[in-house]
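Source file: query.txt (compact mmCIF, C-alpha atoms and all ligand atoms)
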# COMPACT_ATOMS: atom_id res chain seq x y z
CA MET A 171 0.00 0.00 0.00
CA SER A 172 1.45 3.40 -0.95
CA ARG A 173 1.91 5.84 1.90
CA ILE A 174 0.91 9.50 1.84
CA PHE A 175 3.43 12.18 2.81
CA SER A 176 3.33 15.97 2.62
CA ARG A 177 5.66 18.28 0.76
CA ILE A 178 6.10 22.06 0.66
CA ALA A 179 4.72 23.05 -2.76
CA GLY A 180 5.15 26.82 -2.42
CA THR A 181 6.27 29.53 0.00
CA GLY A 182 5.33 33.19 0.38
CA SER A 183 5.80 36.06 2.80
CA TYR A 184 4.93 39.68 3.41
CA LEU A 185 6.56 42.48 5.39
CA PRO A 186 4.83 45.83 6.01
CA ALA A 187 6.53 48.72 4.17
CA ARG A 188 7.33 50.77 7.28
CA VAL A 189 10.84 50.05 8.65
CA MET A 190 11.78 51.08 12.19
CA THR A 191 15.53 51.17 12.85
CA ASN A 192 17.31 50.88 16.19
CA ALA A 193 18.41 54.50 15.77
CA GLU A 194 14.76 55.57 15.61
CA LEU A 195 14.01 53.72 18.87
CA ALA A 196 17.08 55.29 20.51
CA GLN A 197 15.64 58.75 19.81
CA ARG A 198 12.81 58.21 22.30
CA LEU A 199 14.02 55.40 24.60
CA ASP A 200 17.04 54.99 26.88
CA THR A 201 18.69 52.51 24.50
CA SER A 202 21.19 52.46 21.65
CA ASP A 203 21.73 50.82 18.28
CA GLN A 204 24.89 49.24 19.71
CA TRP A 205 23.10 47.70 22.77
CA ILE A 206 20.28 46.23 20.70
CA GLU A 207 22.56 44.82 18.01
CA GLU A 208 25.14 43.38 20.44
CA ARG A 209 22.54 41.68 22.67
CA THR A 210 20.10 40.50 19.98
CA GLY A 211 21.54 40.90 16.46
CA ILE A 212 18.51 43.07 15.54
CA ARG A 213 19.13 46.19 13.41
CA GLN A 214 15.59 46.98 12.24
CA ARG A 215 12.02 45.65 12.17
CA HIS A 216 8.89 46.24 10.03
CA ILE A 217 5.76 47.77 11.57
CA ALA A 218 2.24 47.36 10.18
CA GLU A 219 -0.06 50.30 9.48
CA GLN A 220 -2.98 50.69 11.90
CA SER A 221 -5.29 49.53 9.09
CA GLN A 222 -3.35 46.26 8.58
CA ALA A 223 -4.55 43.41 10.78
CA SER A 224 -2.96 39.95 10.87
CA SER A 225 -5.42 38.61 8.27
CA GLU A 226 -4.23 41.28 5.79
CA LEU A 227 -0.59 40.35 6.26
CA ALA A 228 -1.59 36.67 6.03
CA LEU A 229 -3.48 37.33 2.79
CA ALA A 230 -0.47 38.87 1.04
CA ALA A 231 1.84 36.02 2.16
CA SER A 232 -0.75 33.36 1.25
CA ARG A 233 -1.32 34.72 -2.25
CA ARG A 234 2.43 34.50 -2.90
CA ALA A 235 2.65 30.95 -1.50
CA ILE A 236 -0.35 29.78 -3.56
CA GLU A 237 1.09 31.38 -6.69
CA ALA A 238 4.46 29.68 -6.07
CA SER A 239 2.69 26.32 -5.67
CA GLY A 240 1.11 26.65 -9.13
CA LEU A 241 -2.32 25.86 -7.64
CA GLN A 242 -5.54 27.85 -7.74
CA ALA A 243 -6.79 29.12 -4.35
CA GLN A 244 -9.86 26.87 -4.78
CA ALA A 245 -7.58 23.81 -4.49
CA ILE A 246 -6.77 24.66 -0.83
CA ASP A 247 -8.72 22.30 1.42
CA LEU A 248 -7.33 23.22 4.87
CA ILE A 249 -6.28 26.59 6.34
CA ILE A 250 -4.27 26.90 9.55
CA VAL A 251 -3.15 30.31 10.80
CA ALA A 252 -0.65 30.53 13.64
CA THR A 253 -1.03 33.85 15.46
CA SER A 254 -1.03 35.36 18.94
CA THR A 255 -2.27 38.67 17.55
CA PRO A 256 -5.56 37.68 15.87
CA ASP A 257 -7.82 40.30 14.28
CA TYR A 258 -10.58 39.54 16.82
CA VAL A 259 -11.35 37.33 19.81
CA PHE A 260 -13.41 35.50 17.20
CA PRO A 261 -13.96 34.58 14.39
CA SER A 262 -10.51 33.10 13.87
CA THR A 263 -8.01 34.84 11.63
CA ALA A 264 -8.03 31.65 9.52
CA CYS A 265 -11.75 32.13 8.76
CA LEU A 266 -11.20 35.79 7.87
CA LEU A 267 -8.30 34.78 5.61
CA GLN A 268 -10.43 32.07 3.99
CA ALA A 269 -13.08 34.66 3.02
CA LYS A 270 -10.43 37.10 1.72
CA LEU A 271 -9.01 34.32 -0.47
CA GLY A 272 -12.49 33.67 -1.87
CA ILE A 273 -12.58 30.06 -0.68
CA ALA A 274 -15.45 28.38 1.16
CA ASN A 275 -16.17 25.13 2.97
CA CYS A 276 -12.70 23.83 3.83
CA PRO A 277 -11.77 23.66 7.55
CA ALA A 278 -10.04 26.82 8.82
CA PHE A 279 -8.73 27.42 12.33
CA ASP A 280 -6.06 29.26 14.31
CA VAL A 281 -3.23 27.72 16.28
CA GLN A 282 -2.07 29.53 19.41
CA ALA A 283 1.46 28.47 20.34
CA VAL A 284 3.08 31.93 20.22
CA CYS A 285 6.50 31.77 18.50
CA SER A 286 6.22 27.98 18.00
CA GLY A 287 2.89 28.47 16.21
CA PHE A 288 4.10 27.89 12.66
CA VAL A 289 5.89 24.64 13.54
CA TYR A 290 2.77 23.51 15.44
CA GLY A 291 0.59 24.41 12.43
CA LEU A 292 2.88 22.67 9.95
CA ALA A 293 2.94 19.46 12.02
CA THR A 294 -0.86 19.59 12.32
CA ALA A 295 -1.32 20.04 8.56
CA ASP A 296 1.17 17.22 7.89
CA ASN A 297 -0.95 14.92 10.06
CA PHE A 298 -4.15 15.92 8.24
CA ILE A 299 -2.48 15.12 4.91
CA ARG A 300 -0.97 11.81 6.08
CA ALA A 301 -4.42 10.80 7.37
CA GLY A 302 -5.94 11.55 3.96
CA ALA A 303 -8.07 14.37 5.40
CA ALA A 304 -6.53 17.13 3.23
CA LYS A 305 -4.55 17.38 -0.03
CA HIS A 306 -3.41 21.00 -0.17
CA ALA A 307 -3.07 22.79 3.17
CA LEU A 308 -2.26 26.48 3.58
CA VAL A 309 -0.22 27.06 6.74
CA VAL A 310 0.42 30.67 7.74
CA GLY A 311 2.22 32.52 10.53
CA ALA A 312 0.98 36.12 10.78
CA GLU A 313 1.60 38.65 13.54
CA VAL A 314 1.24 42.30 14.47
CA PHE A 315 3.22 42.14 17.72
CA SER A 316 3.65 45.93 17.55
CA ARG A 317 0.07 46.10 18.95
CA ILE A 318 0.87 44.19 22.17
CA LEU A 319 4.12 45.97 23.07
CA ASP A 320 4.57 48.61 25.72
CA TRP A 321 6.56 51.07 23.60
CA ASN A 322 7.98 52.61 26.80
CA ASP A 323 9.50 49.29 27.94
CA ARG A 324 12.98 49.14 26.40
CA GLY A 325 13.41 45.57 27.66
CA THR A 326 10.76 44.22 25.28
CA CYS A 327 9.70 46.71 22.57
CA VAL A 328 13.08 46.69 20.80
CA LEU A 329 12.83 42.95 20.14
CA PHE A 330 9.72 42.47 17.99
CA GLY A 331 8.36 43.25 14.53
CA ASP A 332 5.36 42.53 12.29
CA GLY A 333 5.06 40.23 9.25
CA ALA A 334 3.64 37.05 7.77
CA GLY A 335 4.91 33.89 6.09
CA ALA A 336 3.02 31.03 4.46
CA VAL A 337 3.49 27.65 2.83
CA VAL A 338 1.28 25.38 0.76
CA LEU A 339 1.73 21.81 1.96
CA SER A 340 0.58 19.22 -0.58
CA ALA A 341 0.10 15.46 -0.50
CA CYS A 342 2.95 13.58 -2.14
CA ASP A 343 4.20 10.00 -2.45
CA ARG A 344 7.56 10.90 -0.86
CA PRO A 345 8.57 13.19 2.05
CA GLY A 346 8.57 16.27 2.29
CA ILE A 347 8.17 16.38 5.97
CA HIS A 348 10.15 13.53 7.54
CA ALA A 349 9.26 14.08 11.19
CA SER A 350 7.98 16.70 13.62
CA VAL A 351 8.30 16.90 17.40
CA LEU A 352 6.07 19.25 19.42
CA ARG A 353 6.54 19.99 23.11
CA ALA A 354 5.04 22.28 25.78
CA ASP A 355 5.52 22.91 29.48
CA GLY A 356 2.85 25.18 30.95
CA ARG A 357 4.75 25.45 34.24
CA HIS A 358 6.82 28.17 32.53
CA ALA A 359 3.77 30.20 31.43
CA GLY A 360 4.82 33.16 33.58
CA ILE A 361 8.18 33.96 31.96
CA LEU A 362 6.65 35.13 28.68
CA SER A 363 3.04 36.27 28.52
CA VAL A 364 0.41 38.86 27.72
CA PRO A 365 -1.54 38.25 30.93
CA GLY A 366 -4.78 40.06 30.11
CA ASN A 367 -8.28 39.28 28.87
CA LEU A 368 -11.54 40.98 27.99
CA CYS A 369 -14.25 40.94 30.63
CA GLY A 370 -17.41 43.03 30.81
CA GLY A 371 -16.14 45.40 28.11
CA LYS A 372 -12.81 46.07 29.86
CA ILE A 373 -9.27 44.74 29.68
CA VAL A 374 -8.56 42.80 32.86
CA GLY A 375 -4.85 42.33 33.58
CA SER A 376 -2.23 43.63 31.14
CA PRO A 377 -2.61 43.87 27.36
CA PHE A 378 1.20 44.16 26.97
CA LEU A 379 3.88 41.53 26.47
CA GLN A 380 5.88 40.74 29.61
CA MET A 381 9.07 38.72 29.64
CA GLN A 382 11.77 37.47 31.98
CA GLY A 383 14.38 37.84 29.20
CA ASN A 384 17.27 35.92 30.76
CA GLN A 385 15.05 32.98 31.83
CA VAL A 386 13.55 32.80 28.32
CA PHE A 387 17.08 32.90 26.89
CA LYS A 388 18.34 29.97 28.99
CA LEU A 389 15.26 27.81 28.46
CA ALA A 390 15.25 28.49 24.69
CA VAL A 391 18.88 27.38 24.26
CA LYS A 392 18.21 24.21 26.29
CA VAL A 393 14.99 23.10 24.57
CA LEU A 394 16.10 23.97 21.02
CA ASP A 395 19.08 21.67 21.46
CA GLU A 396 16.95 18.88 22.94
CA VAL A 397 14.27 19.05 20.26
CA ALA A 398 16.84 19.11 17.44
CA HIS A 399 18.16 15.74 18.62
CA GLU A 400 14.62 14.41 19.16
CA VAL A 401 13.50 15.27 15.62
CA LEU A 402 16.68 13.84 14.08
CA ALA A 403 16.10 10.59 16.01
CA ALA A 404 12.43 10.51 14.94
CA ALA A 405 13.49 10.87 11.28
CA GLY A 406 16.42 8.45 11.64
CA MET A 407 18.85 11.11 10.41
CA GLN A 408 22.20 12.60 11.41
CA VAL A 409 23.09 16.28 11.89
CA ALA A 410 25.41 16.01 8.87
CA GLU A 411 22.33 15.41 6.68
CA VAL A 412 20.90 18.86 7.54
CA ASP A 413 21.64 21.53 4.93
CA TRP A 414 19.98 24.47 6.69
CA LEU A 415 18.81 25.33 10.20
CA ILE A 416 15.94 27.83 10.51
CA PRO A 417 15.32 28.39 14.21
CA HIS A 418 12.70 30.85 15.44
CA GLN A 419 14.25 34.27 14.85
CA ALA A 420 14.28 35.81 18.34
CA ASN A 421 17.88 36.56 19.13
CA VAL A 422 20.98 35.76 17.07
CA ARG A 423 22.84 34.67 20.23
CA ILE A 424 20.21 31.97 20.94
CA MET A 425 20.38 30.84 17.30
CA GLU A 426 24.19 30.71 17.19
CA ALA A 427 24.29 28.81 20.48
CA THR A 428 21.81 26.27 19.06
CA ALA A 429 23.84 25.75 15.87
CA LYS A 430 27.07 25.44 17.87
CA LYS A 431 25.63 22.88 20.32
CA LEU A 432 24.36 20.86 17.36
CA GLY A 433 27.76 21.00 15.66
CA LEU A 434 26.34 22.80 12.60
CA PRO A 435 28.63 25.35 10.89
CA ARG A 436 27.49 28.99 11.21
CA ASP A 437 26.97 29.26 7.44
CA LYS A 438 24.16 26.66 7.62
CA LEU A 439 22.21 28.93 9.97
CA VAL A 440 19.53 31.10 8.31
CA VAL A 441 19.39 34.54 9.95
CA THR A 442 16.75 37.18 9.24
CA VAL A 443 16.28 38.54 12.77
CA ASP A 444 18.74 41.34 11.93
CA ARG A 445 16.24 42.82 9.44
CA HIS A 446 12.87 41.49 10.70
CA GLY A 447 13.23 41.44 14.50
CA ASN A 448 11.21 38.74 16.25
CA THR A 449 7.98 38.29 14.28
CA SER A 450 6.80 35.42 16.50
CA ALA A 451 4.82 32.79 14.52
CA ALA A 452 5.76 34.51 11.25
CA SER A 453 9.52 34.32 11.73
CA VAL A 454 10.20 30.77 10.49
CA PRO A 455 8.06 30.89 7.29
CA LEU A 456 9.39 34.41 6.56
CA ALA A 457 12.98 33.17 6.80
CA LEU A 458 12.13 30.08 4.74
CA ASP A 459 10.47 32.08 1.95
CA GLU A 460 13.24 34.66 1.84
CA SER A 461 15.88 31.91 1.51
CA VAL A 462 13.90 30.00 -1.15
CA ARG A 463 13.32 33.13 -3.25
CA ALA A 464 17.00 34.11 -2.92
CA GLY A 465 17.96 30.70 -4.35
CA LYS A 466 19.80 29.89 -1.12
CA ILE A 467 17.56 26.98 -0.10
CA ARG A 468 17.15 24.76 -3.15
CA PRO A 469 14.86 21.84 -4.08
CA GLY A 470 16.11 18.58 -2.58
CA GLN A 471 17.88 20.26 0.34
CA ARG A 472 17.06 19.31 3.92
CA VAL A 473 15.95 21.98 6.38
CA MET A 474 15.35 21.85 10.13
CA LEU A 475 12.67 24.32 11.24
CA GLN A 476 12.47 25.14 14.96
CA GLY A 477 10.00 27.08 17.06
CA VAL A 478 10.21 28.21 20.68
CA GLY A 479 8.02 30.64 22.57
CA GLY A 480 5.43 31.49 25.15
CA GLY A 481 3.51 28.73 26.81
CA PHE A 482 6.26 27.57 27.09
CA THR A 483 6.13 25.79 23.72
CA TRP A 484 8.75 24.43 21.38
CA GLY A 485 9.08 22.08 18.44
CA ALA A 486 10.99 21.10 15.33
CA THR A 487 10.29 19.74 11.86
CA LEU A 488 12.70 18.12 9.40
CA VAL A 489 11.79 18.71 5.79
CA THR A 490 13.23 18.01 2.36
CA MET A 491 12.36 20.87 0.02
N1 LIG B 501 18.67 49.11 25.87
C1 LIG B 501 19.59 49.34 26.81
N2 LIG B 501 19.62 48.65 27.98
C2 LIG B 501 18.68 47.72 28.17
C3 LIG B 501 17.70 47.43 27.21
C4 LIG B 501 17.70 48.18 26.02
N3 LIG B 501 16.81 47.99 25.03
N4 LIG B 501 16.91 46.43 27.68
C5 LIG B 501 17.39 46.10 28.89
N5 LIG B 501 18.45 46.87 29.19
C6 LIG B 501 19.28 46.86 30.39
C7 LIG B 501 18.58 46.25 31.58
O1 LIG B 501 17.76 47.21 32.21
C8 LIG B 501 19.74 45.82 32.43
O2 LIG B 501 20.22 46.95 33.12
P1 LIG B 501 20.76 46.82 34.65
O3 LIG B 501 21.91 45.86 34.56
O4 LIG B 501 21.11 48.23 34.98
O5 LIG B 501 19.58 46.26 35.42
C9 LIG B 501 20.81 45.42 31.41
O6 LIG B 501 20.41 46.01 30.17
C10 LIG B 501 20.93 43.92 31.24
O7 LIG B 501 19.62 43.36 31.09
P2 LIG B 501 19.40 41.85 30.85
O8 LIG B 501 17.93 41.60 30.71
O9 LIG B 501 20.15 41.06 31.87
O10 LIG B 501 20.14 41.68 29.44
P3 LIG B 501 20.37 40.38 28.59
O11 LIG B 501 21.78 40.29 28.22
O12 LIG B 501 19.70 39.18 29.22
O13 LIG B 501 19.60 40.73 27.26
C11 LIG B 501 17.53 40.20 26.17
C12 LIG B 501 18.22 40.97 27.29
C13 LIG B 501 18.07 40.71 24.84
C14 LIG B 501 16.04 40.45 26.26
C15 LIG B 501 17.87 38.70 26.32
O14 LIG B 501 17.61 38.27 27.62
C16 LIG B 501 17.06 37.86 25.37
O15 LIG B 501 17.20 37.94 24.18
N6 LIG B 501 16.22 36.98 25.91
C17 LIG B 501 15.40 36.10 25.11
C18 LIG B 501 14.32 36.92 24.52
C19 LIG B 501 13.51 36.15 23.57
O16 LIG B 501 14.01 35.36 22.81
N7 LIG B 501 12.22 36.44 23.59
C20 LIG B 501 11.33 35.95 22.65
C21 LIG B 501 10.97 34.52 22.84
S1 LIG B 501 9.88 34.07 21.62
C22 LIG B 501 8.26 34.40 22.06
O17 LIG B 501 7.54 33.50 22.36
C23 LIG B 501 7.72 35.79 22.02

Before anything else, please render the file you have as structure tokens.
Amino acid sequence: MSRIFSRIAGTGSYLPARVMTNAELAQRLDTSDQWIEERTGIRQRHIAEQSQASSELALAASRRAIEASGLQAQAIDLIIVATSTPDYVFPSTACLLQAKLGIANCPAFDVQAVCSGFVYGLATADNFIRAGAAKHALVVGAEVFSRILDWNDRGTCVLFGDGAGAVVLSACDRPGIHASVLRADGRHAGILSVPGNLCGGKIVGSPFLQMQGNQVFKLAVKVLDEVAHEVLAAAGMQVAEVDWLIPHQANVRIMEATAKKLGLPRDKLVVTVDRHGNTSAASVPLALDESVRAGKIRPGQRVMLQGVGGGFTWGATLVTM
């Protein structure tokens, strides 16, 4: 009996036009270009217009991914959007995106795993396809983190940016996705959170991102190393078989530490955090699309995608392009 796998058939991304440099932040905050770049590797980030919600960013990225796949939008039979900055409490951003794409009837839902959201969404879509429940899934990471930042808090606001990335994942008789490993540990919920909600027409708690930066840093380096080995073992592969590592783009020091622990040369590490900042669930598909379009990541090459973020959540996927 032939087995069903899933394969990335197309990638797309979108960055809002407005660029905010470190120098601009330093004009109104007690910070400097040098501090931000030395500690994080970030030089600039993109910021969405007030009129641009996550579904708008997702739409632009999705159109590019669908075009790259050579499919018509009508062929999409599953939509998963990873976001922590949805347009509304409900309906889901995935349903809003579905309508904007002019598609009806296929399942559409959001995944909430913060910066691991895209890897969670990709693994979910892969399972739908392997089970025969979908043939062409659209998986999107889309965020407007600029809306949940306290722009007076230099410890957090310098780190994040807005953007979206998308892939079309199609059924195929060969992998594609070799293996995925997803993990979470809710005991660490407090080190990275937006601890607010809506109640009786008011915001209860805080609507702004809060973070214990050094604790997040240590945990991220630990779990990204662990999950890299877990996903390699699940796929029956060696580190030497990995052509590219795309970790969640939060901080270049975390990413370099991960590559070093794994024994991967620095030139196999894909870095976009310098120009995008941390775009949460959008960071991995944005980096993937940029590398594919630049001709850096080529068909047949093997890529390890890694997410890590609030929850605490983390995960990894091994994929042949
Ligand atoms: N400019 C200048 N100084 C600053 C800034 C800033 N933007 N931010 C903090 N500082 C100061 C602090 O106040 C502190 O000053 P003090 O020593 O007088 O108290 C000093 O710099 C050192 O602060 P630390 O927090 O110890 O600095 P650290 O080297 O840990 O770097 C950072 C901070 C960059 C946030 C780092 O901890 C980090 O990257 N952590 C991981 C963050 C991350 O990846 N978050 C996203 C996870 S993904 C998700 O799910 C959203």

Dump as number ranges by chain all residues having an atom at most 6 Å from (0.3, 30.9, 9.9), computed in the file's coordinates with only C-alpha atoms. A: 251-252, 288, 309-312

Residues contacting ligand LIG 501 (chain B) - anything with an atom at most 6 Å away, using only C-alpha atoms and all ligand atoms - can you give me those as a PDB file with C-alpha atoms, in the coordinates of the input?
ATOM      1  CA  THR A 201      18.690  52.510  24.500  1.00  0.00           C
ATOM      2  CA  SER A 202      21.190  52.460  21.650  1.00  0.00           C
ATOM      3  CA  TRP A 205      23.100  47.700  22.770  1.00  0.00           C
ATOM      4  CA  ILE A 206      20.280  46.230  20.700  1.00  0.00           C
ATOM      5  CA  ARG A 209      22.540  41.680  22.670  1.00  0.00           C
ATOM      6  CA  THR A 210      20.100  40.500  19.980  1.00  0.00           C
ATOM      7  CA  VAL A 284       3.080  31.930  20.220  1.00  0.00           C
ATOM      8  CA  CYS A 285       6.500  31.770  18.500  1.00  0.00           C
ATOM      9  CA  ARG A 324      12.980  49.140  26.400  1.00  0.00           C
ATOM     10  CA  GLY A 325      13.410  45.570  27.660  1.00  0.00           C
ATOM     11  CA  VAL A 328      13.080  46.690  20.800  1.00  0.00           C
ATOM     12  CA  GLY A 383      14.380  37.840  29.200  1.00  0.00           C
ATOM     13  CA  ASN A 384      17.270  35.920  30.760  1.00  0.00           C
ATOM     14  CA  VAL A 386      13.550  32.800  28.320  1.00  0.00           C
ATOM     15  CA  PHE A 387      17.080  32.900  26.890  1.00  0.00           C
ATOM     16  CA  ALA A 420      14.280  35.810  18.340  1.00  0.00           C
ATOM     17  CA  ASN A 421      17.880  36.560  19.130  1.00  0.00           C
ATOM     18  CA  SER A 450       6.800  35.420  16.500  1.00  0.00           C
ATOM     19  CA  VAL A 478      10.210  28.210  20.680  1.00  0.00           C
ATOM     20  CA  GLY A 479       8.020  30.640  22.570  1.00  0.00           C
ATOM     21  CA  GLY A 480       5.430  31.490  25.150  1.00  0.00           C
TER      22      GLY A 480
END

Distance of atom CA of Leu434 of chain A from atom CA of Ile416 of chain A, expressed in Å to one decimal place: 11.7 Å

Separation of atom CA of Glu208 of chain A from atom CA of Met425 of chain A in Å: 13.8 Å

Any idea what the distance is between atom CA of Val351 of chain A and atom CA of Val397 of chain A? 7.0 Å

Polymer residues at most 12 Å from Gly375 of chain A, all atoms listed in the file, same-chain spacing of 6 or more positions, as a count of residues only: 7

Of the residues A:Ala403, A:Ala359, A:Leu339, A:Ala293, which is the one nearest to Thr487 of chain A, using only C-alpha atoms?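 Ranked by minimum distance to Thr487 of chain A, first place goes to A:Ala293.
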
Need the neighbours of (5.6, 27.9, -7.5): which residues are at most 8 Å away, counting all atoms listed in the file, as a list in words? Ala179, Gly180, Thr181, Ala235, Ile236, Glu237, Ala238, Ser239 and Gly240 of chain A

Take every atom of segment 367-382 of chain A listed in the file, pad by 5 Å on each side, and give me the axis-aligned box centre and edge lengths in Å, one decimal, as lines of an AutoDock Vina configuration file.
center_x = -2.8
center_y = 41.8
center_z = 30.0
size_x = 39.2
size_y = 18.6
size_z = 17.1

Nearest to Thr483 of chain A, chosen from A:Arg357, A:Phe298, A:Asp257, A:Ala349, with only C-alpha atoms counted in the distances: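 Using only C-alpha atoms, Thr483 of chain A sits closest to A:Arg357.
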
Near Ser316 of chain A, counting only C-alpha atoms, which residues have an atom at most 12 Å away, once you skip same-chain residues fewer than 4 positions from it, shown as JSON, numbers by chain? {"A": [186, 188, 190, 215, 216, 217, 218, 219, 220, 222, 223, 224, 254, 255, 320, 321, 326, 327, 328, 329, 330, 331, 332, 333, 377, 378, 379, 447, 448, 449, 450]}

From the list A:Arg445, A:Tyr290, A:Arg177, A:Val337, which residue is nearest Glu207 of chain A when using all atoms listed in the file?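 So, comparing all the options, the nearest one is A:Arg445.
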
Show which residues sit within 8 Å of Cys276 of chain A, as a short mmCIF file (atom, residue, chain, number, x, y, z; two decimals) with C-alpha atoms, in the coordinates of the input. Count only C-alpha atoms, and ignore same-chain residues fewer than 2 positions away.
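The new file selection_13.cif reads:
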data_model
loop_
_atom_site.label_atom_id
_atom_site.label_comp_id
_atom_site.auth_asym_id
_atom_site.auth_seq_id
_atom_site.Cartn_x
_atom_site.Cartn_y
_atom_site.Cartn_z
CA ILE A 246 -6.77 24.66 -0.83
CA ASP A 247 -8.72 22.30 1.42
CA LEU A 248 -7.33 23.22 4.87
CA ILE A 249 -6.28 26.59 6.34
CA ILE A 273 -12.58 30.06 -0.68
CA ALA A 274 -15.45 28.38 1.16
CA ALA A 278 -10.04 26.82 8.82
#

Find the residue from A:Asp444, A:Glu313, A:Pro261, A:Gln408 that sits nearest to Arg423 of chain A; use all atoms listed in the file when measuring. A:Asp444
